[in-house]
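For reference, the structure discussed in these notes is given below.
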Amino acid sequence: MMVCWPYFDPEFDNLPERIYGPPCRVCIDNDSMEECTVIKVDSVNKQGILLEVVQVLTNINLTILKSYISSDAGWFMDVFHVKDEHGDKIRDQNVINYILQVNMEGVRCRHFF
């Protein structure tokens, strides 16, 4: 007896990524620098995305000490060295979760965060 299963194209799982671009990747690193938190963001390069990233970081009262911006025609990677409003590394898990949540959802990468 032969059982037939419905066929699902494996590319269907990637449809949102093919339409909107790959999701944004965000890495928050408190270990590599002694005096600040390093936030790495890479995603599809869209017009205005750098401004939106900076707005998200400054809206939660983070101070950007240094940033490295790089992009090619279709992709960008930004690295931000930041401190909180007290001049410390970001230790508050709620703030870290907020940055990750906003980045991963909003950057899908229609806009950013």
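In the structure tokens, the first chain shown is A, the next is B, and so on; residue numbers restart at 1 for each chain, and ligands run from 1 in the order shown.
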
**Q.** Neighbour list for Lys83 (chain A) as a PyMOL selection string, cut-off 10 Å, only C-alpha atoms, skip fewer than 3 positions in-chain
**A.** chain A and resi 35-38+61-65+80+86-91

Write out, as a short mmCIF file (atom, residue, chain, number, x, y, z; two decimals), in the first residue's frame, the residues just selected, with all heavy atoms.
data_model
loop_
_atom_site.label_atom_id
_atom_site.label_comp_id
_atom_site.auth_asym_id
_atom_site.auth_seq_id
_atom_site.Cartn_x
_atom_site.Cartn_y
_atom_site.Cartn_z
N GLU A 35 34.71 48.96 29.11
CA GLU A 35 34.02 50.19 29.50
C GLU A 35 32.66 50.41 28.82
O GLU A 35 31.96 51.34 29.18
CB GLU A 35 34.92 51.40 29.23
CG GLU A 35 35.22 51.64 27.75
CD GLU A 35 36.34 50.78 27.19
OE1 GLU A 35 36.99 50.04 27.94
OE2 GLU A 35 36.53 50.82 25.97
N CYS A 36 32.30 49.59 27.85
CA CYS A 36 31.04 49.83 27.15
C CYS A 36 30.47 48.52 26.60
O CYS A 36 31.13 47.49 26.59
CB CYS A 36 31.22 50.83 26.01
SG CYS A 36 32.33 50.27 24.72
N THR A 37 29.24 48.60 26.15
CA THR A 37 28.56 47.48 25.51
C THR A 37 28.70 47.64 24.01
O THR A 37 28.58 48.74 23.48
CB THR A 37 27.07 47.47 25.89
OG1 THR A 37 26.96 47.31 27.31
CG2 THR A 37 26.32 46.34 25.19
N VAL A 38 28.95 46.55 23.32
CA VAL A 38 29.07 46.56 21.86
C VAL A 38 27.79 45.97 21.27
O VAL A 38 27.39 44.87 21.63
CB VAL A 38 30.29 45.76 21.38
CG1 VAL A 38 30.37 45.73 19.87
CG2 VAL A 38 31.57 46.34 21.97
N ASN A 61 17.87 56.29 25.71
CA ASN A 61 18.91 57.01 26.47
C ASN A 61 20.27 56.33 26.47
O ASN A 61 20.99 56.40 27.47
CB ASN A 61 18.44 57.27 27.91
CG ASN A 61 17.25 58.19 27.95
OD1 ASN A 61 17.14 59.12 27.16
ND2 ASN A 61 16.33 57.91 28.86
N LEU A 62 20.61 55.67 25.39
CA LEU A 62 21.96 55.14 25.26
C LEU A 62 22.84 56.19 24.60
O LEU A 62 22.40 56.89 23.68
CB LEU A 62 21.97 53.85 24.44
CG LEU A 62 21.20 52.67 25.02
CD1 LEU A 62 21.31 51.47 24.09
CD2 LEU A 62 21.69 52.32 26.41
N THR A 63 24.06 56.28 25.06
CA THR A 63 25.03 57.18 24.47
C THR A 63 25.93 56.38 23.54
O THR A 63 26.52 55.38 23.96
CB THR A 63 25.89 57.85 25.56
OG1 THR A 63 25.02 58.56 26.45
CG2 THR A 63 26.90 58.81 24.95
N ILE A 64 26.03 56.80 22.30
CA ILE A 64 26.90 56.13 21.33
C ILE A 64 28.27 56.78 21.42
O ILE A 64 28.45 57.94 21.09
CB ILE A 64 26.32 56.23 19.90
CG1 ILE A 64 24.92 55.59 19.86
CG2 ILE A 64 27.27 55.58 18.90
CD1 ILE A 64 24.18 55.83 18.55
N LEU A 65 29.24 55.99 21.89
CA LEU A 65 30.59 56.50 22.04
C LEU A 65 31.36 56.43 20.73
O LEU A 65 32.16 57.32 20.43
CB LEU A 65 31.34 55.67 23.09
CG LEU A 65 30.69 55.58 24.47
CD1 LEU A 65 31.43 54.59 25.33
CD2 LEU A 65 30.64 56.94 25.11
N PHE A 80 28.13 49.49 17.22
CA PHE A 80 28.01 50.65 18.10
C PHE A 80 28.61 50.32 19.46
O PHE A 80 28.31 49.28 20.03
CB PHE A 80 26.53 51.02 18.29
CG PHE A 80 25.84 51.41 17.03
CD1 PHE A 80 25.13 50.47 16.30
CD2 PHE A 80 25.90 52.71 16.56
CE1 PHE A 80 24.48 50.83 15.13
CE2 PHE A 80 25.26 53.07 15.39
CZ PHE A 80 24.55 52.13 14.67
N HIS A 86 23.80 56.29 32.80
CA HIS A 86 24.67 56.46 33.96
C HIS A 86 26.14 56.28 33.60
O HIS A 86 27.00 56.31 34.48
CB HIS A 86 24.29 55.47 35.07
CG HIS A 86 22.85 55.56 35.46
ND1 HIS A 86 22.31 56.65 36.10
CD2 HIS A 86 21.83 54.70 35.26
CE1 HIS A 86 21.02 56.45 36.30
NE2 HIS A 86 20.69 55.27 35.80
N GLY A 87 26.42 56.06 32.32
CA GLY A 87 27.80 55.88 31.88
C GLY A 87 28.32 54.46 32.06
O GLY A 87 29.52 54.24 32.04
N ASP A 88 27.42 53.51 32.22
CA ASP A 88 27.80 52.12 32.45
C ASP A 88 27.41 51.25 31.25
O ASP A 88 26.66 51.67 30.38
CB ASP A 88 27.09 51.58 33.70
CG ASP A 88 27.45 52.35 34.95
OD1 ASP A 88 28.63 52.71 35.10
OD2 ASP A 88 26.54 52.58 35.77
N LYS A 89 27.89 50.02 31.26
CA LYS A 89 27.45 49.04 30.28
C LYS A 89 25.96 48.76 30.46
O LYS A 89 25.41 49.00 31.53
CB LYS A 89 28.19 47.70 30.47
CG LYS A 89 29.63 47.71 30.11
CD LYS A 89 30.18 46.31 30.32
CE LYS A 89 31.59 46.22 29.81
NZ LYS A 89 32.06 44.84 29.79
N ILE A 90 25.35 48.24 29.42
CA ILE A 90 23.94 47.87 29.53
C ILE A 90 23.86 46.55 30.29
O ILE A 90 24.29 45.51 29.77
CB ILE A 90 23.30 47.70 28.15
CG1 ILE A 90 23.46 48.97 27.33
CG2 ILE A 90 21.83 47.34 28.27
CD1 ILE A 90 23.06 48.79 25.88
N ARG A 91 23.34 46.59 31.49
CA ARG A 91 23.21 45.38 32.31
C ARG A 91 21.75 44.99 32.49
O ARG A 91 21.45 43.85 32.83
CB ARG A 91 23.84 45.61 33.68
CG ARG A 91 25.31 45.94 33.62
CD ARG A 91 26.13 44.70 33.62
NE ARG A 91 27.54 45.07 33.72
CZ ARG A 91 28.49 44.40 33.15
NH1 ARG A 91 28.20 43.32 32.45
NH2 ARG A 91 29.74 44.76 33.27
#

Q: Determine, counting only C-alpha atoms, which protein, DNA and RNA residues have an atom within 6 Å of an atom of Trp75 (chain A); residues of the same chain fewer than 3 positions away are not included. Present the result as an MDAnalysis selection string.
A: chainID A and resid 43:45 71:72

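From CA of Arg25 (chain A) back to CA of Asp42 (chain A), the distance works out to 5.4 Å.
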
Please identify all polymer residues within 10 Å of Ile99 (chain A), counting only C-alpha atoms, omitting same-chain residues fewer than 3 positions from it, and present them as a JSON list (two decimals) with N, CA and C atoms, in the first residue's frame.
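This is the output file part-v6.json:
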[["chain", "number", "residue", "atom", "x", "y", "z"],
["A", 26, "VAL", "N", 21.15, 40.87, 15.43],
["A", 26, "VAL", "CA", 21.64, 41.79, 16.44],
["A", 26, "VAL", "C", 22.42, 41.00, 17.47],
["A", 27, "CYS", "N", 23.59, 41.50, 17.79],
["A", 27, "CYS", "CA", 24.42, 40.87, 18.82],
["A", 27, "CYS", "C", 24.76, 41.93, 19.86],
["A", 28, "ILE", "N", 24.46, 41.64, 21.11],
["A", 28, "ILE", "CA", 24.79, 42.55, 22.20],
["A", 28, "ILE", "C", 25.88, 41.89, 23.03],
["A", 39, "ILE", "N", 27.15, 46.73, 20.40],
["A", 39, "ILE", "CA", 25.95, 46.26, 19.71],
["A", 39, "ILE", "C", 26.27, 46.17, 18.23],
["A", 53, "VAL", "N", 18.15, 52.99, 13.28],
["A", 53, "VAL", "CA", 18.92, 52.28, 14.31],
["A", 53, "VAL", "C", 19.39, 53.26, 15.37],
["A", 56, "VAL", "N", 16.55, 54.44, 17.61],
["A", 56, "VAL", "CA", 16.14, 53.46, 18.62],
["A", 56, "VAL", "C", 17.11, 53.48, 19.80],
["A", 57, "LEU", "N", 18.40, 53.52, 19.51],
["A", 57, "LEU", "CA", 19.39, 53.52, 20.59],
["A", 57, "LEU", "C", 19.31, 54.79, 21.43],
["A", 60, "ILE", "N", 16.20, 55.24, 23.92],
["A", 60, "ILE", "CA", 16.26, 54.56, 25.23],
["A", 60, "ILE", "C", 17.45, 55.07, 26.04],
["A", 93, "GLN", "N", 18.46, 43.59, 31.84],
["A", 93, "GLN", "CA", 17.98, 42.59, 30.89],
["A", 93, "GLN", "C", 16.76, 43.08, 30.12],
["A", 94, "ASN", "N", 15.95, 43.93, 30.74],
["A", 94, "ASN", "CA", 14.79, 44.48, 30.04],
["A", 94, "ASN", "C", 15.21, 45.35, 28.87],
["A", 95, "VAL", "N", 16.24, 46.14, 29.05],
["A", 95, "VAL", "CA", 16.75, 46.99, 27.97],
["A", 95, "VAL", "C", 17.33, 46.12, 26.86],
["A", 96, "ILE", "N", 18.10, 45.11, 27.24],
["A", 96, "ILE", "CA", 18.69, 44.20, 26.25],
["A", 96, "ILE", "C", 17.58, 43.50, 25.45],
["A", 102, "VAL", "N", 12.93, 44.84, 19.32],
["A", 102, "VAL", "CA", 12.65, 45.89, 18.34],
["A", 102, "VAL", "C", 13.44, 45.65, 17.07],
["A", 103, "ASN", "N", 14.68, 45.23, 17.22],
["A", 103, "ASN", "CA", 15.51, 44.99, 16.05],
["A", 103, "ASN", "C", 14.99, 43.83, 15.23],
["A", 104, "MET", "N", 14.69, 42.74, 15.87],
["A", 104, "MET", "CA", 14.30, 41.55, 15.13],
["A", 104, "MET", "C", 12.92, 41.71, 14.49],
["A", 113, "PHE", "N", 14.43, 48.49, 13.61],
["A", 113, "PHE", "CA", 13.90, 48.29, 14.92],
["A", 113, "PHE", "C", 12.43, 48.46, 14.94]]

Q: Quote the spacing between CA of Asp31 (chain A) and CA of Phe76 (chain A) in Å to one decimal place.
A: 23.3 Å

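Atom pair CA of Gly48 (chain A) / CA of Ser32 (chain A): separated by 28.7 Å.
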
Q | For Ser70 (chain A), the nearest of the candidates A:Val54, A:Val41, A:Glu34, A:Val82, counting only C-alpha atoms | A | A:Val41
